[in-house]
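The structure appears right after this line, and notes come after that.
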Amino acid sequence: MSSLTHVRRRNSSAWLIPNDGTRTNHQLRRDMRRFDDTDEVDLVVVGCGAGGSVLMQRLARAGWRVVGFDAGPFWDPDDDWVSDEAGSHDLYWTDPRVTAGENPVVLGSNNSGRGVGGSMVHFAGYAPRLHPSDFSTYSNDGVGADWPISYRELAPYYQLIEEELPVAGEDWPWGEPHSYPHQAHPISGNGMVFQRGALELGIPVRVGPVAITNGRFGNRPHCIYRGFCLQGCKVNAKASPLITHVPDALAHGAEIRAKAMVSAVVVDDDSGRVTGVRYFQGGVERFQRAAMVAVCGYAIETPRLLLNSATKRWPQGLANDHDQVGRYVMVQGAPQAAGRFDDEIRMYKAPPPEVTTEAFYETDPTKPYQRGFSIQTVSPLPITWAEHVAAQGHWGPVLREYMRDYVHWATLGALCELLPLAENRVTLDEEADRYGLPVARFTYSYCDNDNQLIDAARQRQREILEAAGATEVIVIDRTAHLVGGARMSATPEAGVVDRDLRSWSIPNLYLVDGSVLPTQGSANPALTIMALAARAADRLITGQRGGITAQ
């Protein structure tokens with residue numbers, strides 16, 4: 001039996017996409033099962049992004065009665081997504097949040113999403129695995145934290161998700177060497193610049209891995225290299241849960257309630273068990289009964305929801321017996337360097353991530369810092385490119401000249417593994433949102449190791465561009481991705497959920513998103529979140545402690 005047949009047997013989403021030139025199976029959405037608030041469903045999923053959608057799809061296929069809630073809309077790629085940076089603002093979570101600390105993090109377009117599919121709707125498509133070392137950084141390097149699971153336990157789920165997205169890339173030599181289901185995509189001028197500079201310096205690079213079909217996959221077409229991956233893929237070639245897992249979930253009886261903001265997870269203090277969720281939809285607050293709740297709101301909104309759900313038994317917030325909810329939130333340092341070349345590069349003519357290296361991913365004992373960074377191509381579109389230029393202090397006529405010169409620039413981006421620190425956390429602010437709920441206050445500061453790592457990544461990017469022949473190099477500091485805030489742990493005192501992502505203190509409350517990651521590596525987190533969700537679903541379905549059943 002072919003691998004494609006195996007994929008279709010466990011997830012038919014790619015074959016449920018229309019084959020008539022449109023991008024959305026409206027009939028499937030119209031006909032989806034609908035539950036009453038008074039029905040005690042088997043599971044409520046709060047947030048239909050990377051974690052929530054995979055969990056929902058797996059459990060619906062196993063016959064569970066599942067309702068998914070998302071604060072944002074049910075997107076239609078034909079009508080809702082546009083090839084325009086400014087016109088794509090609605091894809092981001094832009095509700096008020098308060099930031100603080102020595103290095104306050106800019107929240108929005110590069111680290112949060114709103115709507116069914118979550119932030120993967122507008123992620124760049126880059127889908128690497130974590131390394132085995134990421135699961136034991138404290139034991140190996142004396143920093144971070146050890147996971148309560150190993151890479152070996154997650155590896156089979158990485159492979160399953162890579163096949164379902166699917167992921168395209170060259171054979172991968174770093175971490176645990178592995179291959180990908182689709183061959184690598186052709187690369188643009190931006191990728192060629194990176195390859196040329198890396199070759200000159202003796203740095204190994206590879207093309208991929210990206211969650212973008214290389215060739216037809218089910219009813220999904222080949223990538224057309226339009227370059228607007230961050231604005232939502234108009235042709236459905238780039239993976240997002242909206243097209244990779246939601247269709248199969250609906251086909252197997254799941255319901256998704258869009259534009260439904262969950263305001264609290266409701267718990268019976270006497271029994272200590274979840275009984276459902278309160279939510280706003282259409283301006284009305286309602287209550288959905290559930291035998292189990294999985295919160296999948298990501299690193300800011302998951303802690304916020306738990307804190308906003310405080311009861312007499314849990315006055316500091318649900319599952320917060322040891323003051324761990326909201327702590328150890330991490331961002332990745334993401335400095336970008338751009339180089340100017342005499343030739344036209346036209347870096348926008350491809351998906352942003354094309355070529356990457358993980359040669360600097362692991363701790364180097366000759367360096368003064370622990371852990372490392374990865375480097376990949378990025379391709380800022382004109383508005384974002386203007387931000388790069390303005391960050392150098394250029395304005396007016398000089399800015400316009402740089403904008404006219406846009407096609408001559410190539411850009412690299414690093415992902416630096418910043419460390420989990422207890423004081424980097426989400427709490428509740430006095431400010432309230434449109435529903436009257438306290439908004440999240442996110443406090444973040446770098447440590448010395450973080451700063452040293454970012455400096456090293458900046459310098460390495462500059463060296464690569466100069467080795468490729470850049471006549472001018474500019475650098476901008478950024479951050480990317482968010483994980484942590486409700487981490488998994490080996491003991492209740494050290495985290496919020498156990499190795500199966502179940503709350504230590506509330507047996508029918510699960511957290512299935514990036515908030516549970518104890519460390520983040522130098523890899524984009526989407527694939528790991530989806531793999532963790534698939535593992536959690538498998539263990540819920542089987543009720544067993546070991547092995548996987550999905551084939």
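Chain identifiers are assigned as A, B, and so on, following the order in which chains appear in the structure tokens; residues are numbered from 1 within each chain, and ligands are numbered from 1 in order of appearance.
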(message) I need the residues of region 108-259 of chain A that end up classed as helix (DSSP H, G or I) by DSSP on the backbone, written out as an NGL selection string.
(response) :A and (118-122 or 132-135 or 137-141 or 151-164 or 189-201 or 229-231 or 241-244 or 246-251)
(request) Would you work out the distance separating CA of Ala470 (chain A) from CA of Phe341 (chain A), expressed in Å to one decimal? (result) 5.2 Å
(message) What's around region 462-467 of chain A at 7 Å? Count only C-alpha atoms, leave out sequence neighbours fewer than 2 positions away in its own chain, and write the answer as a PyMOL selection string.
(response) chain A and resi 194+197-198+200+337+339+458-460+469-470+473
Could you write out the selected residues, including C-alpha atoms, as a compact mmCIF listing (two decimals), in the first residue's frame?
# COMPACT_ATOMS: atom_id res chain seq x y z
CA PHE A 194 22.55 32.01 0.78
CA GLY A 197 27.83 32.64 0.71
CA ALA A 198 27.59 29.44 2.74
CA GLU A 200 32.37 30.19 0.36
CA ALA A 337 20.31 40.74 7.81
CA GLY A 339 22.54 42.39 1.64
CA ARG A 458 23.79 38.71 13.61
CA GLN A 459 27.49 38.42 12.91
CA ARG A 460 27.19 35.07 11.16
CA GLY A 469 29.28 39.41 -2.58
CA ALA A 470 26.99 41.89 -0.84
CA VAL A 473 24.55 44.87 4.69
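Proximity to Thr311 (chain A) at 9 Å, evaluated using only C-alpha atoms and with sequence-adjacent residues fewer than 5 positions away removed, yields Val266, Val267, Asp268, Asp269, Gln316, Gly317 and Leu318 of chain A.
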(request) Please provide the set of residues having any atom within 12 Å of region 401-408 of chain A, restricted to only C-alpha atoms, with same-chain residues fewer than 3 positions apart removed, written as a ChimeraX atom specification. (result) /A:189-190,193,338-349,379-390,392,394-398,411,470-474
(message) Give me, as number ranges by chain, all polymer residues having an atom no more than 12 Å from Pro209 (chain A), counting only C-alpha atoms and skipping those fewer than 3 positions away in the same chain.
(response) A: 124-129, 162, 165-173, 178-185, 205-206, 212-214, 351-358, 376-377, 523-524, 527
Residues as selected, C-alpha atoms, written as a compact mmCIF listing (two decimals), in the first residue's frame, can you do that?
# COMPACT_ATOMS: atom_id res chain seq x y z
CA ALA A 124 5.91 31.09 6.35
CA GLY A 125 5.58 27.35 5.84
CA TYR A 126 8.88 26.37 7.45
CA ALA A 127 8.45 23.05 9.28
CA PRO A 128 11.63 21.68 10.92
CA ARG A 129 11.79 19.19 13.76
CA GLU A 162 5.14 15.53 7.80
CA LEU A 165 1.01 18.41 5.53
CA PRO A 166 3.12 17.31 3.46
CA VAL A 167 6.66 18.59 3.99
CA ALA A 168 9.12 19.07 1.11
CA GLY A 169 12.88 19.24 1.56
CA GLU A 170 16.28 17.70 1.01
CA ASP A 171 17.47 14.87 3.25
CA TRP A 172 18.16 16.41 6.65
CA PRO A 173 21.58 15.82 8.27
CA HIS A 178 15.76 11.99 8.24
CA SER A 179 14.14 12.50 4.85
CA TYR A 180 10.90 14.18 3.78
CA PRO A 181 7.90 12.91 1.78
CA HIS A 182 8.25 15.50 -1.01
CA GLN A 183 11.37 16.54 -2.89
CA ALA A 184 12.75 20.01 -2.27
CA HIS A 185 11.31 22.95 -4.18
CA VAL A 205 22.97 24.22 3.94
CA ARG A 206 19.86 22.40 2.74
CA ILE A 212 4.21 23.24 0.87
CA THR A 213 3.20 20.65 -1.71
CA ASN A 214 5.77 19.99 -4.41
CA PRO A 351 8.07 31.15 -0.38
CA PRO A 352 10.07 33.07 2.27
CA PRO A 353 11.89 30.01 3.68
CA GLU A 354 13.91 28.25 0.99
CA VAL A 355 17.41 27.44 2.20
CA THR A 356 18.52 26.91 5.78
CA THR A 357 21.38 25.77 7.97
CA GLU A 358 21.30 24.22 11.42
CA GLN A 376 17.16 30.57 6.88
CA THR A 377 16.16 32.77 3.99
CA ALA A 523 13.20 25.60 15.14
CA ASN A 524 9.83 27.00 14.14
CA LEU A 527 5.42 20.92 13.45
(request) Could you please determine the separation between CA of Leu250 (chain A) and CA of Met32 (chain A) in Å, to one decimal place? (result) 5.7 Å
(request) Find the residues around region 427-429 of chain A up to 6 Å (only C-alpha atoms counted), leave out those fewer than 5 positions away in its own chain, and share them as a list in words. (result)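 With the cut-off at 6 Å, the set is Pro438, Val439, Ala440 and Arg441 of chain A.
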(message) Between CA of Ala334 (chain A) and CA of His481 (chain A), what is the distance in Å, rounded to a tenth?
(response)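 That distance, rounded to one decimal, is 9.1 Å.
Across A:Arg220, A:Arg304, A:Arg371, A:Arg65, the tightest approach to Ile256 (chain A) is made by A:Arg65 when counting only C-alpha atoms.
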(request) Within region 207-261 of chain A, find each residue whose DSSP state, derived from the backbone, is strand (DSSP E), and express the selection as a count of residues only. (result) 6
(request) For each of A:Arg400, A:Arg33, A:His26, A:Arg97, take the minimum atom-to-atom distance to Glu431 (chain A), counting only C-alpha atoms, then give the residue where this is smallest. (result)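 Closest to Glu431 (chain A), using only C-alpha atoms: A:Arg97.
Of the listed residues A:Gly543, A:Gly436, A:Gly333, A:Gly276, the one whose atoms come nearest to Leu43 (chain A) is A:Gly276, with distances taken using only C-alpha atoms.
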